[in-house]
Amino acid sequence: MENILSVRGLKVDIPLAAGTLHAVRGIDFEVRRGETLCVVGESGSGKSLTSLAIMGLLPKQAQRSADRLDFAGVDLQHASNRDMRKLRGDRISMIFQEPMTSLNPAYTIGDQLTEALLLHRKVGKAAARNRAIELLEKVGITAAASRMKQYPHQLSGGLRQRVMIAMALMCEPDLIIADEPTTALDVTIQAQILRLLKDLQRELNMAMILITHDLGVVARVADKVAIMYAGEMVEAGTVNEVFTEPRHPYTRGLLRCIPVPGRTKAGEHLGSIPGIVPSLIGNMPGCAFRSRCDEAIPACAADIPKRLSSSGHLYRCVHDYGPLSSLSSSSGLQAKSGEA
Amino acid sequence: MLVYTLKRLGLALLVTLAVSMLSFALLYLSGDPAAAIAGETASASDIEAVRHYYGFDRPWVVQYGEWMFNAIRGDFGESYYFKLPVSQLVSERLSVTMILGVCGISFALLTAVPLGVAAAVRPNSFIDRIALFISVMGQAMPSFWFGLVLIVIFSIKFRILPPSGSDGWQNFVMPTVVLGYYAMPAIMRLTRAGMLDVLGADYVRTARAKGAGEFRVMFKHALRNAIIPVVSLAAVQMGFMLGGSIVVESIFALHGAGYLAWESIGRNDLPTVQALILIFSLFYIVFTFLSDLLNAWLDPRMRVG
Ligand SMILES: Nc1ncnc2c1ncn2[C@@H]1O[C@H](COP(=O)(O)OP(=O)(O)O)[C@@H](O)[C@H]1O
Ligand SMILES: [Mg+2]
């Protein structure tokens, strides 16, 4: 299948008084049509800035550069503001982490839902309204027609996030970027929203980039997964590859942190990785993870090789943990088990 | 919303009552009113006669009650100076003051809001500096001085605007600018601060993510939220300007209610002064009340709560 998004050497720099903050340090990935890529990493690892860089919505002071940044054949680096505007909300949509503040308090749900469609398509108000009601129903909102007249403050966080999802789907985008869409919600609602997103993504055959720091979520919804650490992509591959043959010590550390039914006894401490993420200001030669890594050796301070299998499983580490295969393993966590 | 409105209304009525007592008390605060009316050469018995004629010898509660009762019906007594009903005098002059107030606040809003938005879109830019300069000037310059400067430039040097009088629209140009400029700095700074705040909001990012253009983002999504406090400030200022036009009307000898107040104070015409003070205060109270209502009406979160 063709790539809908190709990213090569993406960097985001933010000049600060104390020096330049290299928030994203040259990352590569692609997303194919209809595919779900999960991006995982601790907060501050550059996940949000990566998605904003794709959308062309970085904060003013941030600078983006890339060797390649293509979306559906359009070179985003050289697209005009007008071309970017035409893509946003139409072919690429984004769902944000903060449902409580991402809707405009001054306008009704209906106004905000129809806006994207009215901006991008030559449709009348009535048609846009019908489409909005249809989508509200699709995202599981009852009494959709009367919700259209309500204001954001009249809805709960979970409902607002459903509205945000409906809004992102108004023009049936090719790619939807969901930046921690459930982090701000109650645990019970998180699972519902994620299942909804996954179902819609399959039904509409959209590509999705789902940012999360919950590896349990990844196991359920992802086709591919990318692990980010301090602005770098330290490991990436299919869910099977990364979950059954994790190579990077950071990935292995993260995998130890998820509770596995049967293996984790009640009351037992989950694994956690000691230490803190290093400052991203200035140049950081070598591996950013080495200060927290059990397997660190002096060579970690030098250039780190990029190890890549023929199937695309990638990791960056001085250690060679053996040949990478693309076995579809039956052991370990089953990807896409469908249970959300 | 109803409860909120009733609460505000109750508060407004209480303030009105307090103000009416104060303006009534003015009669006695400025000395013996009978002696003032009778004049400097009057004998003691003349003064007593005047006192009895005007009813100043009755208990003050009775006098206040009567004054208030008549005032509510629009009867403020007779002007000592013109020997005409105060209500007639005042209503003739009030229209001039209202025109000036409306022009003044419109001028202030039409200059301050665009300037505030432009300053917020590019903070620390050239336009932001200009806006800051204009607003500091507006605050530093007293109205009377600014008015005189305008007269010197436009009436004396270029002779394009009349320095005084109230015959045509030309007479309103300079007073409008002076009065409007007085209200402008606060409106501009509030617009700028509100826009800066709102432009960083998540929902503005959402609007951009939908593909909205800059103009739409600025005016539909950002300004609509930033303008809410600005509108209520403007309403309060409007109330203040209607009463505060005394200085401006006197500089330009514009025959409005403010000018009448200025003249009446000089003439010791207490019924007129009392009536005007009550009316000016009422304007302020009514517009403050309106400002609260507007605020609630513009903000959906207040409307329901
Ligand atoms: N507007 C900004 N100004 C300065 N630093 C920022 C800004 N936005 C993000 N950063 C920094 O960039 C790094 C990456 O941020 P982000 O992409 O939001 O991380 P994540 O989404 O993975 O939690 C963090 O260290 C954060 O502090
Ligand atoms: Mg984030």
# chains A, B, ... in the order shown; residues from 1 in each chain; ligands from 1

$ residues_near_ligand --ligand "ligand 2" --cutoff "12 Å" --atoms "only C-alpha atoms and all ligand atoms" --output "number ranges by chain"
A: 23, 39-52, 95-98, 178-184, 210-213, 228, 231

$ interface_residues --of "chain A" --to "chain B" --cutoff "7 Å" --atoms "only C-alpha atoms" --output "list in words"
Arg85, Lys86, Arg88, Gly89, Ser93, Met94, Thr101, Ser102, Leu103, Asn104, Ala106, Ala116 and His153 of chain A

$ write_last_selection --atoms "all heavy atoms" --output "compact mmCIF listing (two decimals), in the first residue's frame"
# COMPACT_ATOMS: atom_id res chain seq x y z
N ARG A 85 -3.74 25.31 4.70
CA ARG A 85 -5.09 25.53 5.20
C ARG A 85 -6.08 24.60 4.53
O ARG A 85 -7.00 24.11 5.15
CB ARG A 85 -5.48 26.98 4.94
CG ARG A 85 -5.68 27.72 6.21
CD ARG A 85 -6.14 29.13 6.06
NE ARG A 85 -6.49 29.64 4.79
CZ ARG A 85 -5.86 30.63 4.17
NH1 ARG A 85 -4.80 31.14 4.72
NH2 ARG A 85 -6.29 31.08 3.02
N LYS A 86 -5.85 24.38 3.23
CA LYS A 86 -6.76 23.50 2.49
C LYS A 86 -6.64 22.06 2.95
O LYS A 86 -7.61 21.31 2.92
CB LYS A 86 -6.46 23.58 0.99
CG LYS A 86 -7.07 24.80 0.33
CD LYS A 86 -6.91 24.67 -1.17
CE LYS A 86 -7.46 25.86 -1.90
NZ LYS A 86 -6.90 25.88 -3.27
N ARG A 88 -5.57 21.07 6.10
CA ARG A 88 -5.98 20.94 7.50
C ARG A 88 -7.48 20.88 7.64
O ARG A 88 -8.19 21.70 7.08
CB ARG A 88 -5.48 22.14 8.32
CG ARG A 88 -4.02 22.12 8.64
CD ARG A 88 -3.72 23.06 9.79
NE ARG A 88 -3.81 24.45 9.40
CZ ARG A 88 -2.76 25.18 9.04
NH1 ARG A 88 -1.56 24.66 9.02
NH2 ARG A 88 -2.93 26.45 8.70
N GLY A 89 -7.96 19.93 8.39
CA GLY A 89 -9.40 19.83 8.62
C GLY A 89 -10.10 19.13 7.48
O GLY A 89 -11.25 18.73 7.61
N SER A 93 -6.69 15.65 9.91
CA SER A 93 -7.39 16.23 11.06
C SER A 93 -6.62 15.91 12.31
O SER A 93 -5.85 14.96 12.34
CB SER A 93 -8.78 15.64 11.22
OG SER A 93 -9.62 16.09 10.21
N MET A 94 -6.88 16.70 13.34
CA MET A 94 -6.18 16.45 14.59
C MET A 94 -7.14 16.49 15.77
O MET A 94 -8.05 17.29 15.82
CB MET A 94 -5.08 17.49 14.76
CG MET A 94 -4.21 17.20 15.94
SD MET A 94 -2.56 17.86 15.78
CE MET A 94 -1.93 17.45 17.39
N THR A 101 -10.75 22.31 26.89
CA THR A 101 -10.44 23.66 26.42
C THR A 101 -10.31 23.76 24.90
O THR A 101 -10.05 24.83 24.37
CB THR A 101 -9.11 24.15 27.05
OG1 THR A 101 -8.14 23.12 26.86
CG2 THR A 101 -9.27 24.43 28.52
N SER A 102 -10.50 22.63 24.20
CA SER A 102 -10.28 22.66 22.76
C SER A 102 -11.49 23.10 21.95
O SER A 102 -11.40 23.27 20.74
CB SER A 102 -9.80 21.30 22.27
OG SER A 102 -8.49 21.07 22.76
N LEU A 103 -12.63 23.27 22.63
CA LEU A 103 -13.81 23.77 21.92
C LEU A 103 -14.01 25.24 22.31
O LEU A 103 -13.76 25.63 23.45
CB LEU A 103 -15.05 22.95 22.29
CG LEU A 103 -15.08 21.53 21.72
CD1 LEU A 103 -16.10 20.67 22.44
CD2 LEU A 103 -15.39 21.57 20.23
N ASN A 104 -14.48 26.03 21.36
CA ASN A 104 -14.68 27.45 21.61
C ASN A 104 -15.91 27.67 22.49
O ASN A 104 -17.01 27.29 22.11
CB ASN A 104 -14.84 28.17 20.27
CG ASN A 104 -14.73 29.68 20.42
OD1 ASN A 104 -15.14 30.24 21.42
ND2 ASN A 104 -14.15 30.31 19.43
N ALA A 106 -17.69 30.12 23.05
CA ALA A 106 -18.69 31.11 22.60
C ALA A 106 -19.63 30.58 21.52
O ALA A 106 -20.59 31.24 21.17
CB ALA A 106 -17.98 32.36 22.10
N ALA A 116 -15.86 23.12 9.63
CA ALA A 116 -14.85 22.52 8.76
C ALA A 116 -15.45 22.15 7.39
O ALA A 116 -14.85 22.41 6.35
CB ALA A 116 -14.24 21.28 9.41
N HIS A 153 -19.64 24.11 27.45
CA HIS A 153 -19.64 23.98 28.91
C HIS A 153 -20.79 23.11 29.40
O HIS A 153 -20.80 22.71 30.55
CB HIS A 153 -19.69 25.36 29.56
CG HIS A 153 -21.02 26.04 29.45
ND1 HIS A 153 -21.35 26.85 28.38
CD2 HIS A 153 -22.11 26.00 30.24
CE1 HIS A 153 -22.59 27.28 28.55
NE2 HIS A 153 -23.06 26.79 29.65

$ atom_distance --atom1 "CA of Phe287 in chain B" --atom2 "CA of Trp262 in chain B"
22.8 Å

$ closest_residue --among "A:Arg68, A:Lys198, A:Lys125, A:His248" --to "Ala222 in chain A" --atoms "only C-alpha atoms"
A:Lys198

$ residues_around --residues "Arg160 in chain A" --least-positions-apart "4" --cutoff "9 Å" --atoms "only C-alpha atoms" --output "list in words"
Pro99, Met100, Ser102, Leu103, Pro152, His153, Leu155, Ser156, Met164 and Ile165 of chain A

$ residues_around --residues "Val234 in chain A" --least-positions-apart "4" --cutoff "6 Å" --atoms "only C-alpha atoms" --output "list in words"
Ile227, Met228, Tyr315 and Arg316 of chain A

$ write_last_selection --atoms "all heavy atoms" --output "PDB file, in the first residue's frame"
ATOM      1  N   ILE A 227       8.766   4.219  19.242  1.00  0.00           N
ATOM      2  CA  ILE A 227       9.088   4.596  20.616  1.00  0.00           C
ATOM      3  C   ILE A 227       9.974   5.833  20.564  1.00  0.00           C
ATOM      4  O   ILE A 227      11.023   5.817  19.919  1.00  0.00           O
ATOM      5  CB  ILE A 227       9.855   3.477  21.347  1.00  0.00           C
ATOM      6  CG1 ILE A 227       9.200   2.108  21.127  1.00  0.00           C
ATOM      7  CG2 ILE A 227      10.031   3.794  22.828  1.00  0.00           C
ATOM      8  CD1 ILE A 227       7.919   1.877  21.849  1.00  0.00           C
ATOM      9  N   MET A 228       9.536   6.898  21.234  1.00  0.00           N
ATOM     10  CA  MET A 228      10.344   8.124  21.228  1.00  0.00           C
ATOM     11  C   MET A 228      10.967   8.342  22.594  1.00  0.00           C
ATOM     12  O   MET A 228      10.354   8.076  23.623  1.00  0.00           O
ATOM     13  CB  MET A 228       9.483   9.330  20.850  1.00  0.00           C
ATOM     14  CG  MET A 228       9.220   9.405  19.359  1.00  0.00           C
ATOM     15  SD  MET A 228       8.392  10.926  18.866  1.00  0.00           S
ATOM     16  CE  MET A 228       9.730  12.111  19.004  1.00  0.00           C
ATOM     17  N   TYR A 315      16.140   0.034  15.392  1.00  0.00           N
ATOM     18  CA  TYR A 315      16.477   0.569  16.711  1.00  0.00           C
ATOM     19  C   TYR A 315      17.838   1.215  16.657  1.00  0.00           C
ATOM     20  O   TYR A 315      18.653   0.954  15.770  1.00  0.00           O
ATOM     21  CB  TYR A 315      16.377  -0.509  17.797  1.00  0.00           C
ATOM     22  CG  TYR A 315      17.433  -1.584  17.780  1.00  0.00           C
ATOM     23  CD1 TYR A 315      18.541  -1.510  18.636  1.00  0.00           C
ATOM     24  CD2 TYR A 315      17.328  -2.688  16.941  1.00  0.00           C
ATOM     25  CE1 TYR A 315      19.515  -2.499  18.643  1.00  0.00           C
ATOM     26  CE2 TYR A 315      18.288  -3.682  16.936  1.00  0.00           C
ATOM     27  CZ  TYR A 315      19.384  -3.584  17.786  1.00  0.00           C
ATOM     28  OH  TYR A 315      20.330  -4.555  17.781  1.00  0.00           O
ATOM     29  N   ARG A 316      18.067   2.095  17.638  1.00  0.00           N
ATOM     30  CA  ARG A 316      19.331   2.816  17.704  1.00  0.00           C
ATOM     31  C   ARG A 316      20.004   2.475  19.032  1.00  0.00           C
ATOM     32  O   ARG A 316      19.533   2.904  20.086  1.00  0.00           O
ATOM     33  CB  ARG A 316      19.085   4.325  17.709  1.00  0.00           C
ATOM     34  CG  ARG A 316      18.710   4.902  16.391  1.00  0.00           C
ATOM     35  CD  ARG A 316      18.096   6.280  16.611  1.00  0.00           C
ATOM     36  NE  ARG A 316      17.973   6.980  15.361  1.00  0.00           N
ATOM     37  CZ  ARG A 316      18.966   7.675  14.820  1.00  0.00           C
ATOM     38  NH1 ARG A 316      20.127   7.783  15.426  1.00  0.00           N
ATOM     39  NH2 ARG A 316      18.789   8.271  13.661  1.00  0.00           N
TER      40      ARG A 316
END

$ atom_distance --atom1 "CA of Phe82 in chain B" --atom2 "CA of Leu260 in chain B"
11.6 Å

$ select_by_dssp --residues "range 76-154 of chain A" --states "strand (DSSP E or B)" --output "compact mmCIF listing (two decimals) with C-alpha atoms, in the first residue's frame"
# COMPACT_ATOMS: atom_id res chain seq x y z
CA ARG A 88 -5.98 20.94 7.50
CA ILE A 92 -5.50 15.77 7.82
CA SER A 93 -7.39 16.23 11.06
CA MET A 94 -6.18 16.45 14.59
CA ILE A 95 -7.69 15.56 17.94

$ residues_around --residues "Phe252 in chain B" --least-positions-apart "3" --cutoff "9 Å" --atoms "only C-alpha atoms" --output "NGL selection string"
:B and (147-148 or 151 or 162-166 or 171-172 or 174-175 or 247-249 or 255)

$ write_last_selection --atoms "N, CA, C and O atoms" --output "PDB file, in the first residue's frame"
ATOM      1  N   GLY B 147      -8.244  69.362  24.561  1.00  0.00           N
ATOM      2  CA  GLY B 147      -9.285  70.140  23.888  1.00  0.00           C
ATOM      3  C   GLY B 147      -8.731  71.470  23.404  1.00  0.00           C
ATOM      4  O   GLY B 147      -8.948  71.879  22.255  1.00  0.00           O
ATOM      5  N   LEU B 148      -7.969  72.132  24.268  1.00  0.00           N
ATOM      6  CA  LEU B 148      -7.414  73.434  23.890  1.00  0.00           C
ATOM      7  C   LEU B 148      -6.425  73.291  22.740  1.00  0.00           C
ATOM      8  O   LEU B 148      -6.396  74.108  21.820  1.00  0.00           O
ATOM      9  N   ILE B 151      -8.358  73.005  19.610  1.00  0.00           N
ATOM     10  CA  ILE B 151      -8.923  74.306  19.215  1.00  0.00           C
ATOM     11  C   ILE B 151      -7.848  75.157  18.550  1.00  0.00           C
ATOM     12  O   ILE B 151      -8.072  75.747  17.489  1.00  0.00           O
ATOM     13  N   PRO B 162     -15.366  74.872  14.092  1.00  0.00           N
ATOM     14  CA  PRO B 162     -15.728  75.942  15.025  1.00  0.00           C
ATOM     15  C   PRO B 162     -15.223  75.620  16.427  1.00  0.00           C
ATOM     16  O   PRO B 162     -15.297  74.471  16.856  1.00  0.00           O
ATOM     17  N   PRO B 163     -14.697  76.627  17.145  1.00  0.00           N
ATOM     18  CA  PRO B 163     -14.149  76.359  18.484  1.00  0.00           C
ATOM     19  C   PRO B 163     -15.239  76.140  19.523  1.00  0.00           C
ATOM     20  O   PRO B 163     -15.004  75.495  20.533  1.00  0.00           O
ATOM     21  N   SER B 164     -16.451  76.701  19.296  1.00  0.00           N
ATOM     22  CA  SER B 164     -17.479  76.579  20.328  1.00  0.00           C
ATOM     23  C   SER B 164     -18.866  76.664  19.710  1.00  0.00           C
ATOM     24  O   SER B 164     -19.015  76.957  18.524  1.00  0.00           O
ATOM     25  N   GLY B 165     -19.879  76.383  20.549  1.00  0.00           N
ATOM     26  CA  GLY B 165     -21.263  76.445  20.093  1.00  0.00           C
ATOM     27  C   GLY B 165     -21.825  75.058  19.849  1.00  0.00           C
ATOM     28  O   GLY B 165     -21.126  74.050  19.978  1.00  0.00           O
ATOM     29  N   SER B 166     -23.110  75.000  19.500  1.00  0.00           N
ATOM     30  CA  SER B 166     -23.713  73.704  19.213  1.00  0.00           C
ATOM     31  C   SER B 166     -24.730  73.842  18.082  1.00  0.00           C
ATOM     32  O   SER B 166     -25.888  73.515  18.229  1.00  0.00           O
ATOM     33  N   ASN B 171     -19.642  71.082  15.233  1.00  0.00           N
ATOM     34  CA  ASN B 171     -19.381  71.375  16.634  1.00  0.00           C
ATOM     35  C   ASN B 171     -19.096  70.121  17.453  1.00  0.00           C
ATOM     36  O   ASN B 171     -18.558  70.205  18.546  1.00  0.00           O
ATOM     37  N   PHE B 172     -19.499  68.990  16.912  1.00  0.00           N
ATOM     38  CA  PHE B 172     -19.340  67.755  17.680  1.00  0.00           C
ATOM     39  C   PHE B 172     -18.021  67.032  17.414  1.00  0.00           C
ATOM     40  O   PHE B 172     -17.658  66.124  18.137  1.00  0.00           O
ATOM     41  N   MET B 174     -14.635  67.860  17.431  1.00  0.00           N
ATOM     42  CA  MET B 174     -13.552  67.904  18.424  1.00  0.00           C
ATOM     43  C   MET B 174     -13.989  67.364  19.787  1.00  0.00           C
ATOM     44  O   MET B 174     -13.250  66.595  20.397  1.00  0.00           O
ATOM     45  N   PRO B 175     -15.190  67.730  20.277  1.00  0.00           N
ATOM     46  CA  PRO B 175     -15.623  67.133  21.555  1.00  0.00           C
ATOM     47  C   PRO B 175     -15.646  65.602  21.504  1.00  0.00           C
ATOM     48  O   PRO B 175     -15.249  64.938  22.466  1.00  0.00           O
ATOM     49  N   VAL B 247     -16.564  68.557  31.577  1.00  0.00           N
ATOM     50  CA  VAL B 247     -15.345  69.261  31.190  1.00  0.00           C
ATOM     51  C   VAL B 247     -15.339  69.538  29.689  1.00  0.00           C
ATOM     52  O   VAL B 247     -15.123  70.670  29.244  1.00  0.00           O
ATOM     53  N   VAL B 248     -15.630  68.493  28.916  1.00  0.00           N
ATOM     54  CA  VAL B 248     -15.564  68.627  27.462  1.00  0.00           C
ATOM     55  C   VAL B 248     -16.592  69.637  26.960  1.00  0.00           C
ATOM     56  O   VAL B 248     -16.294  70.496  26.132  1.00  0.00           O
ATOM     57  N   GLU B 249     -17.804  69.566  27.501  1.00  0.00           N
ATOM     58  CA  GLU B 249     -18.835  70.504  27.057  1.00  0.00           C
ATOM     59  C   GLU B 249     -18.483  71.945  27.423  1.00  0.00           C
ATOM     60  O   GLU B 249     -18.791  72.875  26.683  1.00  0.00           O
ATOM     61  N   HIS B 255     -23.753  73.152  24.222  1.00  0.00           N
ATOM     62  CA  HIS B 255     -24.859  73.333  25.159  1.00  0.00           C
ATOM     63  C   HIS B 255     -25.548  72.034  25.526  1.00  0.00           C
ATOM     64  O   HIS B 255     -26.689  71.792  25.167  1.00  0.00           O
TER      65      HIS B 255
END

$ closest_residue --among "B:Leu293, B:Ala119, B:Leu282, B:Val273" --to "Leu27 in chain B" --atoms "only C-alpha atoms"
B:Val273
